[in-house]
file model-v7.pdb (PDB, C-alpha atoms and all ligand atoms)
MODEL        1
ATOM      1  CA  MET A 675      -3.476  23.737  -7.145
ATOM      2  CA  ALA A 676      -4.877  25.805  -4.314
ATOM      3  CA  TYR A 677      -7.479  23.960  -2.317
ATOM      4  CA  ALA A 678      -9.504  27.063  -1.624
ATOM      5  CA  SER A 679     -10.152  27.809  -5.274
ATOM      6  CA  ALA A 680     -10.195  24.239  -6.536
ATOM      7  CA  GLY A 681     -11.815  22.613  -3.524
ATOM      8  CA  THR A 682     -14.912  21.278  -5.091
ATOM      9  CA  GLY A 683     -15.710  18.407  -7.331
ATOM     10  CA  ARG A 684     -19.120  19.714  -8.324
ATOM     11  CA  ARG A 685     -18.831  18.708 -11.986
ATOM     12  CA  ALA A 686     -20.011  15.141 -11.505
ATOM     13  CA  GLY A 687     -21.426  15.675  -8.016
ATOM     14  CA  SER A 688     -18.182  14.679  -6.349
ATOM     15  CA  LEU A 689     -17.431  14.916  -2.644
ATOM     16  CA  LEU A 690     -13.899  16.145  -2.014
ATOM     17  CA  SER A 691     -14.574  18.456   0.904
ATOM     18  CA  ILE A 692     -17.331  19.079   3.422
ATOM     19  CA  LYS A 693     -17.528  22.482   1.748
ATOM     20  CA  ASP A 694     -18.919  20.711  -1.342
ATOM     21  CA  LEU A 695     -22.103  20.207   0.690
ATOM     22  CA  SER A 696     -24.638  22.691   1.990
ATOM     23  CA  ARG A 697     -25.902  22.517   5.551
ATOM     24  CA  VAL A 698     -29.180  21.043   4.272
ATOM     25  CA  GLU A 699     -27.360  18.384   2.229
ATOM     26  CA  ILE A 700     -25.363  17.356   5.314
ATOM     27  CA  GLN A 701     -28.543  17.191   7.393
ATOM     28  CA  GLU A 702     -30.092  14.982   4.703
ATOM     29  CA  LEU A 703     -27.037  12.707   4.775
ATOM     30  CA  ILE A 704     -27.333  12.395   8.567
ATOM     31  CA  THR A 705     -31.029  11.525   8.281
ATOM     32  CA  LEU A 706     -30.322   8.973   5.550
ATOM     33  CA  ALA A 707     -27.427   7.415   7.494
ATOM     34  CA  ALA A 708     -29.700   7.018  10.532
ATOM     35  CA  LYS A 709     -32.349   5.400   8.307
ATOM     36  CA  LYS A 710     -29.876   2.967   6.763
ATOM     37  CA  LYS A 711     -28.600   2.107  10.244
ATOM     38  CA  ARG A 712     -32.142   1.389  11.463
ATOM     39  CA  GLU A 713     -32.927  -0.711   8.394
ATOM     40  CA  LEU A 714     -29.773  -2.782   8.834
ATOM     41  CA  MET A 715     -30.657  -3.446  12.478
ATOM     42  CA  GLU A 716     -34.170  -4.506  11.427
ATOM     43  CA  GLY A 717     -32.731  -6.861   8.811
ATOM     44  CA  LYS A 718     -34.264  -4.912   5.923
ATOM     45  CA  VAL A 719     -32.313  -5.143   2.683
ATOM     46  CA  SER A 720     -32.455  -2.792  -0.258
ATOM     47  CA  ALA A 721     -30.723  -3.061  -3.597
ATOM     48  CA  ASP A 722     -30.737   0.604  -4.559
ATOM     49  CA  LEU A 723     -27.280   0.355  -6.118
ATOM     50  CA  ALA A 724     -27.829  -2.987  -7.897
ATOM     51  CA  GLY A 725     -25.651  -3.169 -10.993
ATOM     52  CA  LYS A 726     -23.481  -0.237  -9.859
ATOM     53  CA  THR A 727     -19.759  -0.481  -9.245
ATOM     54  CA  LEU A 728     -17.503   1.657  -7.068
ATOM     55  CA  GLY A 729     -13.785   1.830  -7.882
ATOM     56  CA  LEU A 730     -11.618   2.283  -4.785
ATOM     57  CA  ILE A 731      -8.120   3.709  -5.264
ATOM     58  CA  PHE A 732      -5.871   3.398  -2.218
ATOM     59  CA  HIS A 733      -2.382   4.905  -1.989
ATOM     60  CA  LYS A 734      -2.357   4.581   1.809
ATOM     61  CA  PRO A 735      -3.469   1.799   4.163
ATOM     62  CA  SER A 736      -7.011   1.597   5.500
ATOM     63  CA  LEU A 737      -9.233  -0.578   7.646
ATOM     64  CA  ARG A 738     -12.387   1.473   8.255
ATOM     65  CA  THR A 739     -12.625   3.355   4.965
ATOM     66  CA  LYS A 740     -11.931   0.297   2.825
ATOM     67  CA  VAL A 741     -14.237  -2.075   4.653
ATOM     68  CA  SER A 742     -17.073   0.401   5.195
ATOM     69  CA  PHE A 743     -17.159   1.383   1.510
ATOM     70  CA  GLU A 744     -16.889  -2.225   0.321
ATOM     71  CA  ALA A 745     -19.426  -3.592   2.809
ATOM     72  CA  GLY A 746     -21.649  -0.581   2.139
ATOM     73  CA  MET A 747     -21.674  -1.231  -1.610
ATOM     74  CA  ALA A 748     -22.393  -4.940  -1.025
ATOM     75  CA  GLN A 749     -25.269  -4.142   1.345
ATOM     76  CA  LEU A 750     -26.763  -1.788  -1.254
ATOM     77  CA  GLY A 751     -26.658  -4.499  -3.921
ATOM     78  CA  GLY A 752     -23.654  -3.101  -5.795
ATOM     79  CA  SER A 753     -20.028  -4.132  -6.029
ATOM     80  CA  SER A 754     -16.609  -2.581  -5.624
ATOM     81  CA  ILE A 755     -13.125  -2.955  -7.054
ATOM     82  CA  TYR A 756     -10.106  -2.330  -4.822
ATOM     83  CA  LEU A 757      -7.197  -0.767  -6.699
ATOM     84  CA  THR A 758      -3.754   0.097  -5.411
ATOM     85  CA  ASP A 759      -1.015   2.025  -7.119
ATOM     86  CA  LYS A 760       0.471  -1.284  -8.288
ATOM     87  CA  GLU A 761      -2.329  -1.647 -10.801
ATOM     88  CA  ILE A 762      -2.721   1.998 -11.786
ATOM     89  CA  GLY A 763       0.532   3.893 -11.296
ATOM     90  CA  LEU A 764      -1.537   7.070 -11.091
ATOM     91  CA  GLY A 765       0.329   9.941 -12.709
ATOM     92  CA  ARG A 766       3.298   7.744 -13.655
ATOM     93  CA  ARG A 767       2.101   4.778 -15.707
ATOM     94  CA  GLU A 768      -0.786   6.907 -16.910
ATOM     95  CA  SER A 769      -1.894  10.498 -16.363
ATOM     96  CA  VAL A 770      -4.494  11.270 -13.702
ATOM     97  CA  GLY A 771      -6.807  12.588 -16.414
ATOM     98  CA  ASP A 772      -6.564   9.456 -18.549
ATOM     99  CA  VAL A 773      -7.172   7.209 -15.531
ATOM    100  CA  ALA A 774     -10.238   9.331 -14.715
ATOM    101  CA  ARG A 775     -11.569   9.033 -18.278
ATOM    102  CA  VAL A 776     -10.997   5.277 -18.490
ATOM    103  CA  LEU A 777     -12.386   4.459 -15.030
ATOM    104  CA  SER A 778     -15.457   6.584 -15.817
ATOM    105  CA  ARG A 779     -16.246   4.176 -18.674
ATOM    106  CA  TYR A 780     -16.219   1.181 -16.279
ATOM    107  CA  VAL A 781     -17.503   2.257 -12.893
ATOM    108  CA  ASP A 782     -20.274   4.468 -11.503
ATOM    109  CA  GLY A 783     -18.207   6.150  -8.826
ATOM    110  CA  ILE A 784     -14.587   6.437  -7.687
ATOM    111  CA  MET A 785     -13.278   6.726  -4.147
ATOM    112  CA  ILE A 786      -9.678   7.832  -3.771
ATOM    113  CA  ARG A 787      -7.375   7.832  -0.735
ATOM    114  CA  THR A 788      -4.116   9.510  -1.636
ATOM    115  CA  PHE A 789      -1.446  11.934  -0.467
ATOM    116  CA  SER A 790      -1.850  15.140  -2.481
ATOM    117  CA  HIS A 791      -5.280  16.725  -2.385
ATOM    118  CA  ALA A 792      -4.577  18.184  -5.838
ATOM    119  CA  VAL A 793      -4.576  14.640  -7.268
ATOM    120  CA  ALA A 794      -8.108  14.047  -5.963
ATOM    121  CA  VAL A 795      -9.180  17.419  -7.376
ATOM    122  CA  ASP A 796      -7.647  16.567 -10.787
ATOM    123  CA  LEU A 797      -9.309  13.161 -10.788
ATOM    124  CA  ALA A 798     -12.706  14.704  -9.992
ATOM    125  CA  ARG A 799     -12.271  17.364 -12.665
ATOM    126  CA  GLU A 800     -11.535  14.814 -15.388
ATOM    127  CA  ALA A 801     -13.929  12.036 -14.313
ATOM    128  CA  SER A 802     -17.498  11.917 -15.543
ATOM    129  CA  VAL A 803     -18.597   9.905 -12.504
ATOM    130  CA  PRO A 804     -18.643  11.151  -8.883
ATOM    131  CA  VAL A 805     -15.317  11.086  -7.013
ATOM    132  CA  ILE A 806     -15.292  10.649  -3.236
ATOM    133  CA  ASN A 807     -12.356  11.773  -1.104
ATOM    134  CA  GLY A 808     -11.510   8.846   1.179
ATOM    135  CA  LEU A 809      -8.702  10.915   2.789
ATOM    136  CA  THR A 810      -5.964  13.139   1.452
ATOM    137  CA  ASP A 811      -3.144  14.853   3.334
ATOM    138  CA  LEU A 812      -5.438  17.882   3.470
ATOM    139  CA  LEU A 813      -8.934  16.586   4.227
ATOM    140  CA  HIS A 814     -10.935  13.593   5.475
ATOM    141  CA  PRO A 815     -14.539  14.644   4.793
ATOM    142  CA  CYS A 816     -16.274  11.236   5.034
ATOM    143  CA  GLN A 817     -14.772  10.773   8.504
ATOM    144  CA  VAL A 818     -16.080  14.057   9.852
ATOM    145  CA  LEU A 819     -19.498  13.683   8.191
ATOM    146  CA  SER A 820     -19.778  10.399  10.025
ATOM    147  CA  ASP A 821     -18.502  11.964  13.258
ATOM    148  CA  ILE A 822     -21.072  14.740  13.264
ATOM    149  CA  PHE A 823     -23.698  12.043  12.690
ATOM    150  CA  THR A 824     -22.322  10.244  15.770
ATOM    151  CA  ALA A 825     -22.279  13.425  17.856
ATOM    152  CA  SER A 826     -25.866  14.256  16.960
ATOM    153  CA  GLU A 827     -26.971  10.647  17.501
ATOM    154  CA  LYS A 828     -25.464  10.859  21.008
ATOM    155  CA  GLY A 829     -27.583  13.920  21.764
ATOM    156  CA  LYS A 830     -25.177  16.749  20.991
ATOM    157  CA  ASN A 831     -26.563  19.880  19.339
ATOM    158  CA  LEU A 832     -24.483  20.621  16.243
ATOM    159  CA  ASP A 833     -25.303  24.315  16.496
ATOM    160  CA  SER A 834     -24.409  24.865  20.130
ATOM    161  CA  MET A 835     -21.873  22.221  21.186
ATOM    162  CA  THR A 836     -18.234  22.996  21.914
ATOM    163  CA  VAL A 837     -15.754  20.696  20.217
ATOM    164  CA  LEU A 838     -12.114  20.489  21.241
ATOM    165  CA  PHE A 839      -9.807  19.108  18.560
ATOM    166  CA  ILE A 840      -6.512  18.398  20.309
ATOM    167  CA  GLY A 841      -3.244  17.199  18.786
ATOM    168  CA  ASP A 842      -2.104  17.858  15.251
ATOM    169  CA  GLY A 843      -3.747  20.361  12.908
ATOM    170  CA  ASN A 844      -4.164  17.625  10.311
ATOM    171  CA  ASN A 845      -6.623  16.411   7.649
ATOM    172  CA  VAL A 846      -9.262  15.413  10.219
ATOM    173  CA  CYS A 847      -8.909  18.743  12.031
ATOM    174  CA  ASN A 848      -9.245  20.547   8.693
ATOM    175  CA  SER A 849     -12.489  18.750   7.936
ATOM    176  CA  TRP A 850     -13.804  19.714  11.374
ATOM    177  CA  LEU A 851     -12.918  23.319  10.512
ATOM    178  CA  ASN A 852     -14.887  23.026   7.283
ATOM    179  CA  ALA A 853     -17.832  21.509   9.166
ATOM    180  CA  ALA A 854     -17.833  24.572  11.450
ATOM    181  CA  THR A 855     -18.883  26.643   8.426
ATOM    182  CA  ARG A 856     -22.043  24.565   8.070
ATOM    183  CA  PHE A 857     -23.151  24.365  11.736
ATOM    184  CA  GLY A 858     -23.045  26.694  14.707
ATOM    185  CA  PHE A 859     -20.720  24.724  17.008
ATOM    186  CA  THR A 860     -17.646  26.281  18.581
ATOM    187  CA  LEU A 861     -14.394  24.592  17.564
ATOM    188  CA  ARG A 862     -11.352  24.886  19.785
ATOM    189  CA  VAL A 863      -8.196  23.737  18.047
ATOM    190  CA  CYS A 864      -5.467  22.994  20.595
ATOM    191  CA  VAL A 865      -2.126  22.238  18.945
ATOM    192  CA  PRO A 866       1.567  22.816  19.652
ATOM    193  CA  GLU A 867       3.179  25.759  17.921
ATOM    194  CA  GLY A 868       4.099  24.892  14.360
ATOM    195  CA  HIS A 869       1.330  22.297  14.012
ATOM    196  CA  GLU A 870      -1.591  24.610  13.306
ATOM    197  CA  PRO A 871      -4.016  23.774  10.487
ATOM    198  CA  PRO A 872      -2.771  25.229   7.182
ATOM    199  CA  ALA A 873      -3.649  28.845   6.457
ATOM    200  CA  GLU A 874      -5.425  27.796   3.233
ATOM    201  CA  VAL A 875      -8.044  26.023   5.378
ATOM    202  CA  MET A 876      -7.969  28.058   8.597
ATOM    203  CA  GLY A 877      -8.018  31.469   6.876
ATOM    204  CA  PRO A 878     -11.276  31.131   4.915
ATOM    205  CA  VAL A 879     -12.988  29.270   7.779
ATOM    206  CA  ALA A 880     -12.000  31.919  10.329
ATOM    207  CA  GLN A 881     -13.329  34.598   7.974
ATOM    208  CA  GLU A 882     -16.646  32.769   7.678
ATOM    209  CA  VAL A 883     -17.228  31.786  11.291
ATOM    210  CA  GLY A 884     -15.241  34.420  13.204
ATOM    211  CA  SER A 885     -14.773  33.769  16.909
ATOM    212  CA  ARG A 886     -16.456  30.333  16.803
ATOM    213  CA  VAL A 887     -13.050  28.912  15.860
ATOM    214  CA  GLU A 888     -10.458  29.344  18.591
ATOM    215  CA  LEU A 889      -6.755  28.485  18.586
ATOM    216  CA  HIS A 890      -5.498  27.179  21.949
ATOM    217  CA  ARG A 891      -2.123  26.136  23.382
ATOM    218  CA  GLU A 892      -3.124  24.946  26.851
ATOM    219  CA  PRO A 893      -5.030  21.648  26.826
ATOM    220  CA  LEU A 894      -6.607  21.993  30.284
ATOM    221  CA  ARG A 895      -7.943  25.432  29.493
ATOM    222  CA  ALA A 896      -9.136  24.319  26.032
ATOM    223  CA  ALA A 897     -11.029  21.322  27.436
ATOM    224  CA  GLN A 898     -13.006  23.361  30.000
ATOM    225  CA  GLY A 899     -16.707  22.617  29.485
ATOM    226  CA  ALA A 900     -16.199  20.861  26.135
ATOM    227  CA  ASP A 901     -19.008  18.669  24.762
ATOM    228  CA  VAL A 902     -16.640  16.720  22.528
ATOM    229  CA  ILE A 903     -12.943  15.983  22.958
ATOM    230  CA  TYR A 904     -11.571  14.786  19.636
ATOM    231  CA  THR A 905      -8.075  13.547  18.949
ATOM    232  CA  ASP A 906      -6.154  11.760  16.215
ATOM    233  CA  VAL A 907      -2.665  10.365  15.697
ATOM    234  CA  TRP A 908       0.241  12.776  16.166
ATOM    235  CA  ALA A 909       1.942  11.537  12.982
ATOM    236  CA  SER A 910      -0.367  10.913  10.046
ATOM    237  CA  MET A 911       0.209   8.452   7.226
ATOM    238  CA  GLY A 912       3.189   9.734   5.273
ATOM    239  CA  GLN A 913       4.784  11.318   8.378
ATOM    240  CA  GLU A 914       6.074   8.068   9.873
ATOM    241  CA  GLU A 915       9.688   9.262   9.972
ATOM    242  CA  GLU A 916       8.621  12.173  12.219
ATOM    243  CA  ALA A 917       6.759   9.927  14.671
ATOM    244  CA  GLU A 918       9.475   9.734  17.347
ATOM    245  CA  ALA A 919      10.187  13.465  17.351
ATOM    246  CA  ARG A 920       6.489  14.221  17.440
ATOM    247  CA  LYS A 921       6.036  12.141  20.605
ATOM    248  CA  LYS A 922       8.055  14.792  22.457
ATOM    249  CA  THR A 923       6.398  17.780  20.794
ATOM    250  CA  PHE A 924       2.892  16.495  21.482
ATOM    251  CA  ALA A 925       3.396  14.879  24.926
ATOM    252  CA  ALA A 926       1.425  17.610  26.717
ATOM    253  CA  PHE A 927      -1.477  17.212  24.260
ATOM    254  CA  ARG A 928      -2.462  13.667  25.304
ATOM    255  CA  VAL A 929      -6.105  12.930  26.084
ATOM    256  CA  ASP A 930      -6.038  11.453  29.591
ATOM    257  CA  ASP A 931      -8.441  11.245  32.527
ATOM    258  CA  GLY A 932      -7.304  14.646  33.832
ATOM    259  CA  LEU A 933      -8.267  16.319  30.571
ATOM    260  CA  VAL A 934     -11.638  14.564  30.367
ATOM    261  CA  ALA A 935     -12.369  15.592  33.982
ATOM    262  CA  VAL A 936     -12.516  19.309  33.075
ATOM    263  CA  ALA A 937     -14.889  18.789  30.126
ATOM    264  CA  LYS A 938     -18.691  18.483  30.506
ATOM    265  CA  PRO A 939     -19.673  15.423  32.575
ATOM    266  CA  ASP A 940     -21.481  14.039  29.500
ATOM    267  CA  CYS A 941     -18.722  14.877  27.043
ATOM    268  CA  LEU A 942     -17.981  12.514  24.183
ATOM    269  CA  VAL A 943     -14.409  11.376  23.583
ATOM    270  CA  MET A 944     -13.865  10.798  19.897
ATOM    271  CA  HIS A 945     -10.993   9.454  17.791
ATOM    272  CA  CYS A 946     -11.172   8.583  14.103
ATOM    273  CA  LEU A 947      -8.866   5.581  14.633
ATOM    274  CA  PRO A 948      -6.400   3.965  14.226
ATOM    275  CA  ALA A 949      -5.267   5.069  17.708
ATOM    276  CA  HIS A 950      -1.811   4.918  19.188
ATOM    277  CA  ARG A 951      -2.836   3.985  22.689
ATOM    278  CA  GLY A 952      -0.609   5.618  25.281
ATOM    279  CA  ASP A 953       0.394   8.413  22.911
ATOM    280  CA  GLU A 954      -2.464  10.707  21.920
ATOM    281  CA  ILE A 955      -5.011   8.855  24.104
ATOM    282  CA  THR A 956      -4.656   6.708  27.195
ATOM    283  CA  ASP A 957      -6.176   3.247  27.498
ATOM    284  CA  SER A 958      -8.384   4.352  30.355
ATOM    285  CA  VAL A 959      -9.948   7.144  28.285
ATOM    286  CA  MET A 960     -10.272   5.103  25.118
ATOM    287  CA  ASP A 961     -11.934   2.244  26.997
ATOM    288  CA  GLY A 962     -13.705   4.569  29.431
ATOM    289  CA  ALA A 963     -17.312   5.608  29.860
ATOM    290  CA  ARG A 964     -17.084   8.798  27.765
ATOM    291  CA  SER A 965     -15.481   7.107  24.748
ATOM    292  CA  VAL A 966     -17.606   6.612  21.614
ATOM    293  CA  VAL A 967     -14.728   5.626  19.334
ATOM    294  CA  PHE A 968     -16.175   2.285  18.246
ATOM    295  CA  ASP A 969     -19.593   3.829  17.600
ATOM    296  CA  GLN A 970     -17.778   6.298  15.381
ATOM    297  CA  ALA A 971     -16.119   3.425  13.532
ATOM    298  CA  GLU A 972     -19.472   1.673  13.083
ATOM    299  CA  ASN A 973     -21.144   4.830  11.837
ATOM    300  CA  ARG A 974     -18.613   5.090   9.017
ATOM    301  CA  LEU A 975     -20.567   2.234   7.389
ATOM    302  CA  HIS A 976     -23.934   3.932   7.707
ATOM    303  CA  MET A 977     -22.642   7.310   6.547
ATOM    304  CA  GLN A 978     -20.771   5.780   3.582
ATOM    305  CA  LYS A 979     -24.048   4.179   2.477
ATOM    306  CA  ALA A 980     -25.816   7.540   2.699
ATOM    307  CA  ILE A 981     -23.025   9.175   0.670
ATOM    308  CA  LEU A 982     -23.064   6.384  -1.936
ATOM    309  CA  LEU A 983     -26.840   6.581  -2.282
ATOM    310  CA  ARG A 984     -26.779  10.365  -2.705
ATOM    311  CA  LEU A 985     -23.942  10.356  -5.220
ATOM    312  CA  MET A 986     -24.587   7.159  -7.179
ATOM    313  CA  SER A 987     -28.347   6.502  -7.183
TER     314      SER A 987
HETATM  315  N1  LIG B   1     -10.556   6.495  10.280
HETATM  316  C1  LIG B   1     -10.133   5.952   9.128
HETATM  317  O1  LIG B   1     -10.239   6.528   8.037
HETATM  318  O2  LIG B   1      -9.589   4.708   9.268
HETATM  319  P1  LIG B   1      -8.787   3.912   8.151
HETATM  320  O3  LIG B   1      -7.515   4.661   7.912
HETATM  321  O4  LIG B   1      -8.553   2.560   8.731
HETATM  322  O5  LIG B   1      -9.621   3.872   6.903
HETATM  323  N1  LIG B   2      -4.738  11.881  10.306
HETATM  324  C1  LIG B   2      -4.733  10.444  10.078
HETATM  325  C2  LIG B   2      -6.116   9.944   9.902
HETATM  326  C3  LIG B   2      -6.222   8.460   9.732
HETATM  327  C4  LIG B   2      -7.625   8.006   9.487
HETATM  328  C5  LIG B   2      -3.881  10.138   8.862
HETATM  329  O1  LIG B   2      -3.979  10.871   7.860
HETATM  330  O2  LIG B   2      -3.117   9.184   8.908
ENDMDL
END
call {"tool": "encode", "arguments": {"input": "model-v7.pdb", "output": "structure tokens"}}
result
Amino acid sequence: MAYASAGTGRRAGSLLSIKDLSRVEIQELITLAAKKKRELMEGKVSADLAGKTLGLIFHKPSLRTKVSFEAGMAQLGGSSIYLTDKEIGLGRRESVGDVARVLSRYVDGIMIRTFSHAVAVDLAREASVPVINGLTDLLHPCQVLSDIFTASEKGKNLDSMTVLFIGDGNNVCNSWLNAATRFGFTLRVCVPEGHEPPAEVMGPVAQEVGSRVELHREPLRAAQGADVIYTDVWASMGQEEEAEARKKTFAAFRVDDGLVAVAKPDCLVMHCLPAHRGDEITDSVMDGARSVVFDQAENRLHMQKAILLRLMS
């Protein structure tokens, strides 16, 4: 199923792509995430999702997404059920549609992390409760929603900043591309030849935002004056067998001190994590003064709570 035509999970208010949200809805999520963060720091508790249950389907490993959704549900007074393919056998033991129908009778929302984006789209189409994309091979919307919250919290203007995404044109990069259709930032995508974001994402975004999305090949040129330098692993989950070969292909696309030096002096270095230190990012950058990677990880919790409240209240 083509992402561009299927992309949305509007039926039950699902969130499969940043494009499922308007600019105003994203701004409201950022405001709500900031509020939930403040309340947590002040020790205020709310039980807005008391009695509600979130089903979490994971076909790939996770630290941040799993824990932030589970802790988020607990902090909002609800509960969660962690499900792997061992229990469900999605599409094999039972059809995606039947799993969607059955889970909808038990839980108030479903988060899925899986390989094929089409599976998440099918699940959302057949479910009568909201479905949240916790990462597919194509997109990672919750990550980038949280990241733009972090960037704005750190003082960056979402309508005028310049973001460099360097490395692989992957799911995280694709969600940044989608975010560029909702805000005015310039997005420079710097990737080796053959690792560009897929045309099904890049094409429609480029049509919508024109020259605000740039494709680069030379990291030092691409990083000039950037407000944000963003990177991610060179081999995503499911591409493990390509990892060694990719180390050679991507070697010139590492985020190191030399690259950071040509960006703005107050640039933010971002990484969704997990990081392969020494590959896509050096220790000195990741642990350096410009790095906000652990703030990003923390903000996943606050943004997940905002998403859960909006979709499940
Ligand atoms: N960034 C992120 O989604 O991390 P996990 O894979 O650990 O969930
Ligand atoms: N692109 C990475 C993101 C991990 C959070 C992957 O899909 O493995």
call {"tool": "resolve_selection", "arguments": {"input": "model-v7.pdb", "expression": "the PyMOL selection byres (((chain A and resi 751-765) around 6) and not hetatm)", "output": "PDB file with C-alpha atoms, in the coordinates of the input"}}
result
ATOM      1  CA  ALA A 721     -30.723  -3.061  -3.597  1.00  0.00           C
ATOM      2  CA  LEU A 723     -27.280   0.355  -6.118  1.00  0.00           C
ATOM      3  CA  ALA A 724     -27.829  -2.987  -7.897  1.00  0.00           C
ATOM      4  CA  GLY A 725     -25.651  -3.169 -10.993  1.00  0.00           C
ATOM      5  CA  LYS A 726     -23.481  -0.237  -9.859  1.00  0.00           C
ATOM      6  CA  THR A 727     -19.759  -0.481  -9.245  1.00  0.00           C
ATOM      7  CA  LEU A 728     -17.503   1.657  -7.068  1.00  0.00           C
ATOM      8  CA  GLY A 729     -13.785   1.830  -7.882  1.00  0.00           C
ATOM      9  CA  LEU A 730     -11.618   2.283  -4.785  1.00  0.00           C
ATOM     10  CA  ILE A 731      -8.120   3.709  -5.264  1.00  0.00           C
ATOM     11  CA  PHE A 732      -5.871   3.398  -2.218  1.00  0.00           C
ATOM     12  CA  GLU A 744     -16.889  -2.225   0.321  1.00  0.00           C
ATOM     13  CA  MET A 747     -21.674  -1.231  -1.610  1.00  0.00           C
ATOM     14  CA  ALA A 748     -22.393  -4.940  -1.025  1.00  0.00           C
ATOM     15  CA  GLN A 749     -25.269  -4.142   1.345  1.00  0.00           C
ATOM     16  CA  LEU A 750     -26.763  -1.788  -1.254  1.00  0.00           C
ATOM     17  CA  ARG A 766       3.298   7.744 -13.655  1.00  0.00           C
ATOM     18  CA  ARG A 767       2.101   4.778 -15.707  1.00  0.00           C
ATOM     19  CA  GLU A 768      -0.786   6.907 -16.910  1.00  0.00           C
ATOM     20  CA  SER A 769      -1.894  10.498 -16.363  1.00  0.00           C
ATOM     21  CA  VAL A 770      -4.494  11.270 -13.702  1.00  0.00           C
TER      22      VAL A 770
END
call {"tool": "atom_distance", "arguments": {"input": "model-v7.pdb", "atom1": "CA of Leu737 (chain A)", "atom2": "CA of Val863 (chain A)"}}
result
26.5 Å
call {"tool": "resolve_selection", "arguments": {"input": "model-v7.pdb", "expression": "the PyMOL selection byres (((not hetatm)) within 10 of (chain B and resi 2))", "output": "PyMOL selection string"}}
result
chain A and resi 734-739+787-789+808-814+817+842-848+905-914+945-949
call {"tool": "resolve_selection", "arguments": {"input": "model-v7.pdb", "expression": "the PyMOL selection byres (((chain A and resi 866-881) around 9) and not hetatm)", "output": "PDB file with C-alpha atoms, in the frame of the given file"}}
result
ATOM      1  CA  ALA A 676      -4.877  25.805  -4.314  1.00  0.00           C
ATOM      2  CA  TYR A 677      -7.479  23.960  -2.317  1.00  0.00           C
ATOM      3  CA  ALA A 678      -9.504  27.063  -1.624  1.00  0.00           C
ATOM      4  CA  LEU A 812      -5.438  17.882   3.470  1.00  0.00           C
ATOM      5  CA  GLY A 841      -3.244  17.199  18.786  1.00  0.00           C
ATOM      6  CA  ASP A 842      -2.104  17.858  15.251  1.00  0.00           C
ATOM      7  CA  GLY A 843      -3.747  20.361  12.908  1.00  0.00           C
ATOM      8  CA  ASN A 844      -4.164  17.625  10.311  1.00  0.00           C
ATOM      9  CA  ASN A 845      -6.623  16.411   7.649  1.00  0.00           C
ATOM     10  CA  CYS A 847      -8.909  18.743  12.031  1.00  0.00           C
ATOM     11  CA  ASN A 848      -9.245  20.547   8.693  1.00  0.00           C
ATOM     12  CA  SER A 849     -12.489  18.750   7.936  1.00  0.00           C
ATOM     13  CA  LEU A 851     -12.918  23.319  10.512  1.00  0.00           C
ATOM     14  CA  ASN A 852     -14.887  23.026   7.283  1.00  0.00           C
ATOM     15  CA  ALA A 854     -17.833  24.572  11.450  1.00  0.00           C
ATOM     16  CA  THR A 855     -18.883  26.643   8.426  1.00  0.00           C
ATOM     17  CA  VAL A 863      -8.196  23.737  18.047  1.00  0.00           C
ATOM     18  CA  CYS A 864      -5.467  22.994  20.595  1.00  0.00           C
ATOM     19  CA  VAL A 865      -2.126  22.238  18.945  1.00  0.00           C
ATOM     20  CA  GLU A 882     -16.646  32.769   7.678  1.00  0.00           C
ATOM     21  CA  VAL A 883     -17.228  31.786  11.291  1.00  0.00           C
ATOM     22  CA  GLY A 884     -15.241  34.420  13.204  1.00  0.00           C
ATOM     23  CA  SER A 885     -14.773  33.769  16.909  1.00  0.00           C
ATOM     24  CA  ARG A 886     -16.456  30.333  16.803  1.00  0.00           C
ATOM     25  CA  VAL A 887     -13.050  28.912  15.860  1.00  0.00           C
ATOM     26  CA  GLU A 888     -10.458  29.344  18.591  1.00  0.00           C
ATOM     27  CA  LEU A 889      -6.755  28.485  18.586  1.00  0.00           C
ATOM     28  CA  HIS A 890      -5.498  27.179  21.949  1.00  0.00           C
ATOM     29  CA  ARG A 891      -2.123  26.136  23.382  1.00  0.00           C
ATOM     30  CA  GLU A 892      -3.124  24.946  26.851  1.00  0.00           C
ATOM     31  CA  THR A 923       6.398  17.780  20.794  1.00  0.00           C
ATOM     32  CA  PHE A 924       2.892  16.495  21.482  1.00  0.00           C
ATOM     33  CA  ALA A 926       1.425  17.610  26.717  1.00  0.00           C
ATOM     34  CA  PHE A 927      -1.477  17.212  24.260  1.00  0.00           C
TER      35      PHE A 927
END
call {"tool": "axis_aligned_box", "arguments": {"input": "model-v7.pdb", "around": "ligand LIG 1 (chain B)", "padding_each_side": "5 Å", "output": "AutoDock Vina command-line options"}}
result
--center_x -9.0 --center_y 4.5 --center_z 8.6 --size_x 13.0 --size_y 14.0 --size_z 13.4
call {"tool": "residues_around", "arguments": {"input": "model-v7.pdb", "residues": "Leu832 (chain A)", "least_positions_apart": "2", "cutoff": "12 Å", "atoms": "all atoms listed in the file", "output": "PyMOL selection string"}}
result
chain A and resi 697+700-701+704+819+821-830+834-837+850+853-861+901-902
call {"tool": "closest_residue", "arguments": {"input": "model-v7.pdb", "among": "A:Arg799, A:Arg984, A:Lys938, A:Lys740", "to": "ligand LIG 1 (chain B)", "atoms": "all atoms listed in the file"}}
result
A:Lys740
call {"tool": "residues_around", "arguments": {"input": "model-v7.pdb", "residues": "Asp953 (chain A)", "least_positions_apart": "2", "cutoff": "8 Å", "atoms": "only C-alpha atoms", "output": "VMD selection string"}}
result
chain A and resid 921 925 928 950 to 951 955 to 956
call {"tool": "atom_distance", "arguments": {"input": "model-v7.pdb", "atom1": "CA of Asp694 (chain A)", "atom2": "CA of Gly746 (chain A)"}}
result
21.7 Å
call {"tool": "closest_residue", "arguments": {"input": "model-v7.pdb", "among": "A:Val773, A:Leu975, A:Ala935, A:Leu983", "to": "Val741 (chain A)", "atoms": "all atoms listed in the file"}}
result
A:Leu975
